[in-house]
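Enquirer: Just dropping this structure here.
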Amino acid sequence: MDVKQLSVFIENTPGSLVSLTRLLGDKGIDLISLSVADTASFGILRGIVEEPEKALDIVIEAGFTARLDTVIPIQVPDEPGSLSKVLELLGSNNIVIEYLYSFMRNGGGEAYIILRTKQMEEALKLFSEKGVHVLSAKEVYSL
Amino acid sequence: MSYWQHDIECISRDALKELQLEKLRKTVSKVYESVPFYREILKSRGLVPQDIRSLDDISLLPFTEKDDLRDNYPFGFFAVGQESIIRIHASSGTTGKPTVSGYTARDISRWADLMARNLSCAGISRFSVVHVAYGYGLFTGGLGVHYGVEKLGASVIPASGGNTARQVQLMRDFHATALCCTPSYALNLADHMSQNGYAADDFKLKVGIFGAEPWADGMRKHIEESLNIKALDIYGLTEIMGPGVAMECPEQNGLHIWEDAFYPEIVDENGNPLPDGEEGELVITTIDKEGMPLLRYRTHDITSLVSEPCACGRTHRKIKRVKMRTDDMLVIRGVNVYPSQVEFVLAQIEGIRPQFRLVVDRVDNLDTLLVEVELDNKLIGDTVKDLERLQGEAKRKLSEGLLLRCDVKLMPTGSLTRGEVKAKRIMDLRDKRN
Ligand SMILES: [Zn+2]
């Protein structure tokens, strides 16, 4: 099963992020990861949640502007240079990264990265060939 | 095609003109006798009512401006005594005093007949259930439509404004077949339906009659698709009567103005009459009103008259859909900007909806225009780049369409207040800067 990320448009005003996270909290939706990309006037909250379709319905019903996208969660050793190796691998294969963010360290020497590209299939194929560990949805939700 | 008053709706043009002249002369005599404002102007021009011998002589008569109504607030234009007035409506002016309209029993009955014509024109019959979500009260929308539905014999649901969730539930439970409200509120209702898991076949809606604010074809398409109905435009204004002065027929290429009750003219900026087909300001003389007849009232609505015969069989001329009002017009850095132009441009951009607010300001003595636009609730992309591209596209298309550089701000769905009576689309901060 693919890992889906919930993206929600937020105004760059005090409180708009709070009202969204509070809504999710009230509805019992846990944010496994959270990252915000923003400009001077707006932002996009990106979150990994366990039941993305349900979360999407909840936020849209509450009047937010939102969507779901498939992302690639990968696991790399938590040591200097391991992330750049992955980036170099993608770059040398002409795979353009839309964005990435790290979402959790378990202290056990592993780092977790969420990655999004428009060339999903190529990236997945490359990772499986080169032995980069792509996490399953089940693994992500159990972190 | 069904008609409410077939003989008058499909009357020959010659017979109609004869009727209009008779009614015009009666109206001029009445106001000369009973309304000091008109008597004094006519006297000062050396005119008596008998000087009106043909319809063309209407150009001898003075215009009536909204300011004249304000100056004679509240009842200065009433042509009958208070004992003959059975209802008074008022519209909140954006500035100062409200605009008042008084009706005799006959006026109310005639209004209901005109509204019944409009409803029939939209295919509504006594077998229909009509959900009226115009505000009931001083605003003419609610009661105006209401009396027409009752006269027609359909079932009326007097929902008035507010409580969208309950409105949607009642529309479903009562099997409403027709919806009457402002176009922006129709979108509100459609949003609520889609966000709360209602399906299209939960509803029996066939047609909607929308008015009280200008709306363009982009919005029509949006409403027709989201509610799965035919959306028709209705025109009216409190001073003249209320909703129902003109009604779009299913041909959807203009609104028949009921010429046995209203004598329409189109004039240029200087008040000179323009021929049919040319765009200008609509001026209306009421020729069938007792309570508050008005001569050559300047509506400030920009349209043109269509005299070509209509396939629906009605012989009353049509006005083109009113997309702009002269007083909605903004002058920004010397450029005329109409909100309808903005709506037109936005309707063609994927990812946003034709809901917007224009914020005009002045920075360092230079006018600025910010267009706040609402995103669709389906977000177009998940990167800042996607949204900046959308913002850029909107900015470029608006700047090209308006011939004016502007900024665009993306707003979440539903965040721009959708008025239940009238959407406020303009915020002009320039006055405060002076
Ligand atoms: Zn017609």
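Please note that chains go A, B, ... in the order of the structure tokens, that every chain numbers its residues from 1, and that ligands are numbered from 1 in the order shown.
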With DSSP run on the backbone, what are the helix (DSSP H, G or I) residues within stretch 125-294 of chain B? I'd like them as a ChimeraX atom specification.
Expert: /B:140-152,164-173,183-195,200-202,217-227
Enquirer: At a cut-off of 10 Å, using only C-alpha atoms, what residues contact A:Glu53? Leave out same-chain residues fewer than 5 positions from it and give the result as a ChimeraX atom specification.
Expert: /A:4-6,58,67-68
Enquirer: When the cut-off is 9 Å and we count only C-alpha atoms, which residues of chain A are near chain B, given as a ChimeraX atom specification?
Expert: /A:6-11,37-39,41-46,57,60-69,98-99
Enquirer: As an exercise, work out the distance from atom CA of A:Glu121 to atom CA of A:Ser33 in Å and give it to one decimal place.
Expert: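 Taking atom CA of A:Glu121 and atom CA of A:Ser33, their separation equals 23.1 Å.
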Enquirer: Please identify every polymer residue within 6 Å of ligand 1, using only C-alpha atoms and all ligand atoms, and present the set as a list of chain:residue names.
Expert: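 Residues satisfying the distance criterion: B:Cys249, B:Glu251, B:Cys310, B:Ala311, B:Cys312, B:Arg314.
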Enquirer: Using only C-alpha atoms, which protein or nucleic acid residues come within 6 Å of stretch 222-238 of chain B? Drop anything in the same chain fewer than 2 positions from it, and give the result as a ChimeraX atom specification.
Expert: /B:206-211,219-220,240-248
Enquirer: Mind pulling up the distance from atom CA of A:Gly25 to atom CA of A:Ala111?
Expert: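 A separation of 25.7 Å between them.
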Enquirer: Which residues of stretch 29-117 of chain A come within 9 Å of stretch 126-133 of chain A, and what is each one's closest atom pair and distance in Å (one decimal), counting only C-alpha atoms, sorted by chain and residue number, as CSV?
Expert:
residue,atom,partner,partner_atom,distance
A:Pro73,CA,A:His133,CA,8.6
A:Ile74,CA,A:His133,CA,5.6
A:Gln75,CA,A:His133,CA,5.4
A:Val76,CA,A:His133,CA,7.2
A:Val86,CA,A:Val132,CA,8.0
A:Leu89,CA,A:Leu126,CA,8.4
A:Leu90,CA,A:Leu126,CA,8.1
A:Asn93,CA,A:Leu126,CA,8.5
Enquirer: Could you write out the selected residues, including C-alpha atoms, as a PDB file, in the first residue's frame?
Expert:
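Heads up, here's the output in result.pdb:
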ATOM      1  CA  PRO A  73       9.276   7.224   2.830  1.00  0.00           C
ATOM      2  CA  ILE A  74      12.822   5.930   3.001  1.00  0.00           C
ATOM      3  CA  GLN A  75      15.104   4.828   5.787  1.00  0.00           C
ATOM      4  CA  VAL A  76      18.758   5.783   5.763  1.00  0.00           C
ATOM      5  CA  VAL A  86      20.586   9.149  -1.868  1.00  0.00           C
ATOM      6  CA  LEU A  89      21.783   8.684  -6.715  1.00  0.00           C
ATOM      7  CA  LEU A  90      18.557  10.429  -7.728  1.00  0.00           C
ATOM      8  CA  ASN A  93      19.501   9.331 -12.720  1.00  0.00           C
TER       9      ASN A  93
END
Enquirer: Please report the interatomic distance between atom CA of A:Gln119 and atom CA of B:Arg396 in Å with one decimal.
Expert: 29.2 Å
Enquirer: Excluding B:Arg166 and any residue of its chain fewer than 5 positions from it, enumerate the residues within 12 Å of it, using only C-alpha atoms, and give them as number ranges by chain.
Expert: B: 133, 159-161, 171-174, 189, 192-193
Enquirer: Hey, what does DSSP flag as strand (DSSP E) within stretch 91-334 of chain B? Can you give it to me as a VMD selection string?
Expert: chain B and resid 91 99 to 104 129 to 132 155 to 158 178 to 181 207 to 210 230 to 237 242 to 248 255 to 257 262 to 267 280 to 286 297 to 303 305 to 306 318 to 319 324 to 325 330 to 332
Enquirer: Write out as a compact mmCIF listing (two decimals) with all heavy atoms, in the first residue's frame the residues lying within 6 Å of stretch 24-30 of chain B, counting only C-alpha atoms and excluding same-chain residues fewer than 3 positions away.
Expert:
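And here's result_1.txt as it stands now:
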# COMPACT_ATOMS: atom_id res chain seq x y z
N GLN B 20 -48.88 50.97 -23.56
CA GLN B 20 -47.84 51.71 -22.83
C GLN B 20 -48.13 53.21 -22.83
O GLN B 20 -47.99 53.87 -21.80
CB GLN B 20 -46.47 51.46 -23.48
CG GLN B 20 -45.88 50.11 -23.16
CD GLN B 20 -44.54 49.92 -23.85
OE1 GLN B 20 -44.41 50.19 -25.05
NE2 GLN B 20 -43.56 49.44 -23.11
N LEU B 21 -48.56 53.74 -23.99
CA LEU B 21 -48.82 55.17 -24.07
C LEU B 21 -49.94 55.56 -23.12
O LEU B 21 -49.84 56.54 -22.38
CB LEU B 21 -49.14 55.58 -25.51
CG LEU B 21 -49.47 57.08 -25.69
CD1 LEU B 21 -48.29 57.95 -25.24
CD2 LEU B 21 -49.83 57.40 -27.15
N GLU B 33 -50.05 65.39 -10.25
CA GLU B 33 -51.08 65.73 -9.27
C GLU B 33 -50.59 65.49 -7.83
O GLU B 33 -50.85 66.29 -6.94
CB GLU B 33 -52.26 64.80 -9.58
CG GLU B 33 -53.61 65.03 -9.00
CD GLU B 33 -54.51 63.89 -9.50
OE1 GLU B 33 -54.80 63.86 -10.72
OE2 GLU B 33 -54.83 63.00 -8.69
N PRO B 49 -49.09 67.39 -18.13
CA PRO B 49 -49.19 65.97 -18.54
C PRO B 49 -49.73 65.79 -19.96
O PRO B 49 -49.32 64.87 -20.66
CB PRO B 49 -50.15 65.39 -17.50
CG PRO B 49 -49.96 66.25 -16.30
CD PRO B 49 -49.71 67.64 -16.83
N ILE B 287 -45.01 52.23 -15.29
CA ILE B 287 -46.25 52.74 -15.88
C ILE B 287 -47.48 52.02 -15.34
O ILE B 287 -48.57 52.19 -15.87
CB ILE B 287 -46.20 52.66 -17.43
CG1 ILE B 287 -45.86 51.24 -17.89
CG2 ILE B 287 -45.19 53.66 -17.98
CD1 ILE B 287 -45.94 51.08 -19.42
